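Peer 1: Before anything else, here's the structure in question.
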Amino acid sequence: MPFDLDNLNPSAKFFWQDGEEEWVELRLAAEADNEAMRKQSGIKQKVEYRNEKGQMHRIEFVDADEHKVDRFTELANDFAIVNWCLNSKQGDPIPCTLENKLKMIRNSPQFASWVIACLDKMRDDVSVLEDKETKN
């Protein structure tokens, strides 16, 4: 499979309700993207060593409060939704802004579930490719 070094993480277009007028472009976050979003939101990986009954145990955990987790979620949703062509009930285009992305994800269970299903399909497609590469 040839790689485009200028775009190693391309987005995919999904059409809303099987139409061709409204669509959303989505992309998966690579590990480097997730790490950058964790840092940007202030989430840190921490390690503690505990002595229990004479044995040292290494415990890894994520140091994050509710605000940091909310910020990470906002960044992840903004990253995943690259672009869209969606219309309001009145037929006006809805601008693809961070504010509108979060409003749609937080307040429309139907939209949020659909986006999650589309991202899951993308993950499944990546898994199929990984399985094919492993078999070859």
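Labels for the structure tokens follow display order: chains A, B, ..., residues from 1 in each chain, ligands from 1.
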Region 45-52 of chain A: which residues within 10 Å, counting only C-alpha atoms, same-chain residues fewer than 4 positions away excluded, as JSON, numbers by chain?

Peer 2: {"A": [38, 39, 56, 57, 58, 59, 60, 61, 62, 63, 64]}

Peer 1: Arg71 (chain A): which residues within 10 Å, counting only C-alpha atoms, same-chain residues fewer than 4 positions away excluded, as a CSV table (one decimal) with N, CA and C atoms, in the first residue's frame?

Peer 2:
chain,number,residue,atom,x,y,z
A,37,MET,N,-2.7,15.8,22.4
A,37,MET,CA,-4.0,16.3,23.1
A,37,MET,C,-3.9,16.2,24.6
A,38,ARG,N,-3.3,15.1,25.1
A,38,ARG,CA,-3.2,14.9,26.5
A,38,ARG,C,-2.3,16.0,27.1
A,40,GLN,N,-1.7,19.0,25.8
A,40,GLN,CA,-2.4,20.2,25.7
A,40,GLN,C,-3.5,20.4,26.7
A,41,SER,N,-4.1,19.3,27.2
A,41,SER,CA,-5.2,19.4,28.2
A,41,SER,C,-4.6,19.3,29.6
A,42,GLY,N,-3.3,19.1,29.7
A,42,GLY,CA,-2.7,19.0,31.0
A,42,GLY,C,-2.8,17.7,31.7
A,43,ILE,N,-3.1,16.6,31.0
A,43,ILE,CA,-3.2,15.3,31.5
A,43,ILE,C,-1.8,14.7,31.5
A,66,GLU,N,-11.5,16.6,36.4
A,66,GLU,CA,-12.7,16.6,35.5
A,66,GLU,C,-12.5,17.7,34.4
A,67,HIS,N,-11.9,18.8,34.8
A,67,HIS,CA,-11.6,19.9,33.8
A,67,HIS,C,-10.7,19.4,32.7
A,75,LEU,N,-10.9,18.6,22.7
A,75,LEU,CA,-9.8,18.5,21.7
A,75,LEU,C,-10.0,17.3,20.8
A,76,ALA,N,-10.3,16.1,21.4
A,76,ALA,CA,-10.5,14.9,20.6
A,76,ALA,C,-11.7,15.0,19.6
A,77,ASN,N,-12.8,15.6,20.0
A,77,ASN,CA,-13.9,15.8,19.1
A,77,ASN,C,-13.6,16.8,18.0

Peer 1: For a test of reading the model, state the distance in Å between CA of Lys13 (chain A) and CA of Lys121 (chain A), rounded to one decimal.

Peer 2: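 Separation between CA of Lys13 (chain A) and CA of Lys121 (chain A): 11.9 Å.
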
Peer 1: Just the helix (DSSP H, G or I) stuff from region 52-136 of chain A, please, per backbone DSSP, written as an MDAnalysis selection string.

Peer 2: chainID A and resid 66:80 98:107 109:135

Peer 1: Produce a file of the selected residues containing C-alpha atoms, as a PDB file, in the first residue's frame.

Peer 2:
ATOM      1  CA  GLU A  66     -12.676  16.647  35.506  1.00  0.00           C
ATOM      2  CA  HIS A  67     -11.636  19.905  33.811  1.00  0.00           C
ATOM      3  CA  LYS A  68      -8.637  18.239  32.123  1.00  0.00           C
ATOM      4  CA  VAL A  69     -10.740  15.309  30.942  1.00  0.00           C
ATOM      5  CA  ASP A  70     -13.373  17.706  29.539  1.00  0.00           C
ATOM      6  CA  ARG A  71     -10.649  19.657  27.716  1.00  0.00           C
ATOM      7  CA  PHE A  72      -9.196  16.440  26.269  1.00  0.00           C
ATOM      8  CA  THR A  73     -12.662  15.390  25.086  1.00  0.00           C
ATOM      9  CA  GLU A  74     -13.169  18.774  23.408  1.00  0.00           C
ATOM     10  CA  LEU A  75      -9.808  18.495  21.650  1.00  0.00           C
ATOM     11  CA  ALA A  76     -10.525  14.911  20.575  1.00  0.00           C
ATOM     12  CA  ASN A  77     -13.928  15.830  19.118  1.00  0.00           C
ATOM     13  CA  ASP A  78     -12.448  18.840  17.331  1.00  0.00           C
ATOM     14  CA  PHE A  79      -9.667  16.652  15.920  1.00  0.00           C
ATOM     15  CA  ALA A  80     -11.999  13.845  14.811  1.00  0.00           C
ATOM     16  CA  LEU A  98     -15.403  24.092  17.521  1.00  0.00           C
ATOM     17  CA  GLU A  99     -18.450  25.593  19.228  1.00  0.00           C
ATOM     18  CA  ASN A 100     -20.857  23.920  16.779  1.00  0.00           C
ATOM     19  CA  LYS A 101     -18.993  20.593  16.864  1.00  0.00           C
ATOM     20  CA  LEU A 102     -19.289  20.488  20.647  1.00  0.00           C
ATOM     21  CA  LYS A 103     -22.919  21.613  20.557  1.00  0.00           C
ATOM     22  CA  MET A 104     -23.821  18.833  18.115  1.00  0.00           C
ATOM     23  CA  ILE A 105     -21.857  16.136  19.982  1.00  0.00           C
ATOM     24  CA  ARG A 106     -23.128  17.150  23.449  1.00  0.00           C
ATOM     25  CA  ASN A 107     -26.745  17.953  22.630  1.00  0.00           C
ATOM     26  CA  PRO A 109     -27.624  11.973  20.880  1.00  0.00           C
ATOM     27  CA  GLN A 110     -28.496  10.955  17.306  1.00  0.00           C
ATOM     28  CA  PHE A 111     -25.546  12.883  15.835  1.00  0.00           C
ATOM     29  CA  ALA A 112     -23.131  11.755  18.579  1.00  0.00           C
ATOM     30  CA  SER A 113     -24.094   8.087  18.137  1.00  0.00           C
ATOM     31  CA  TRP A 114     -23.726   8.355  14.375  1.00  0.00           C
ATOM     32  CA  VAL A 115     -20.264   9.943  14.654  1.00  0.00           C
ATOM     33  CA  ILE A 116     -19.187   7.216  17.092  1.00  0.00           C
ATOM     34  CA  ALA A 117     -20.479   4.523  14.715  1.00  0.00           C
ATOM     35  CA  CYS A 118     -18.577   6.096  11.802  1.00  0.00           C
ATOM     36  CA  LEU A 119     -15.350   6.284  13.847  1.00  0.00           C
ATOM     37  CA  ASP A 120     -15.856   2.650  14.912  1.00  0.00           C
ATOM     38  CA  LYS A 121     -16.191   1.675  11.250  1.00  0.00           C
ATOM     39  CA  MET A 122     -12.928   3.475  10.494  1.00  0.00           C
ATOM     40  CA  ARG A 123     -11.230   1.598  13.379  1.00  0.00           C
ATOM     41  CA  ASP A 124     -12.619  -1.694  12.067  1.00  0.00           C
ATOM     42  CA  ASP A 125     -11.282  -0.892   8.588  1.00  0.00           C
ATOM     43  CA  VAL A 126      -7.832  -0.212  10.072  1.00  0.00           C
ATOM     44  CA  SER A 127      -7.992  -3.518  11.983  1.00  0.00           C
ATOM     45  CA  VAL A 128      -8.839  -5.392   8.785  1.00  0.00           C
ATOM     46  CA  LEU A 129      -5.824  -3.816   7.069  1.00  0.00           C
ATOM     47  CA  GLU A 130      -3.608  -4.732  10.028  1.00  0.00           C
ATOM     48  CA  ASP A 131      -4.863  -8.320   9.894  1.00  0.00           C
ATOM     49  CA  LYS A 132      -4.147  -8.533   6.157  1.00  0.00           C
ATOM     50  CA  GLU A 133      -0.632  -7.183   6.673  1.00  0.00           C
ATOM     51  CA  THR A 134      -0.007  -9.663   9.475  1.00  0.00           C
ATOM     52  CA  LYS A 135      -1.131 -12.597   7.313  1.00  0.00           C
TER      53      LYS A 135
END

Peer 1: For Trp16 (chain A), find every residue with an atom within 10 Å (counting only C-alpha atoms), except residues of its own chain fewer than 4 positions away, and show them as a list of chain:residue names.

Peer 2: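 Listed by chain and then number, they are A:Glu20, A:Glu21, A:Glu22, A:Trp23, A:Val24, A:Trp84, A:Cys85, A:Leu86, A:Phe111, A:Trp114, A:Val115.
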
Peer 1: Generate a file of the selected residues that holds C-alpha atoms, formatted as a CSV table (one decimal), in the first residue's frame.

Peer 2:
chain,number,residue,atom,x,y,z
A,20,GLU,CA,-25.6,13.0,-0.5
A,21,GLU,CA,-26.3,16.6,0.5
A,22,GLU,CA,-25.1,16.5,4.1
A,23,TRP,CA,-21.8,14.9,5.2
A,24,VAL,CA,-19.1,14.9,7.8
A,84,TRP,CA,-18.8,19.0,7.4
A,85,CYS,CA,-21.7,20.2,5.3
A,86,LEU,CA,-24.7,20.2,7.6
A,111,PHE,CA,-25.5,12.9,15.8
A,114,TRP,CA,-23.7,8.4,14.4
A,115,VAL,CA,-20.3,9.9,14.7

Peer 1: Measuring between only C-alpha atoms, which one of A:Lys44, A:Cys96, A:Leu8, A:Asp18 shows the shortest distance to Ala30 (chain A)?

Peer 2: A:Leu8

Peer 1: As a VMD selection string, please: all residues of region 25-132 of chain A that backbone DSSP puts in strand (DSSP E).

Peer 2: chain A and resid 25 to 26 44 to 52 55 to 63 81 to 87 93 to 94

Peer 1: Work out how far apart CA of Ile81 (chain A) and CA of Asp65 (chain A) are and give it in Å to one decimal.

Peer 2: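 Atom-to-atom, CA of Ile81 (chain A) and CA of Asp65 (chain A) are spaced 24.6 Å apart.
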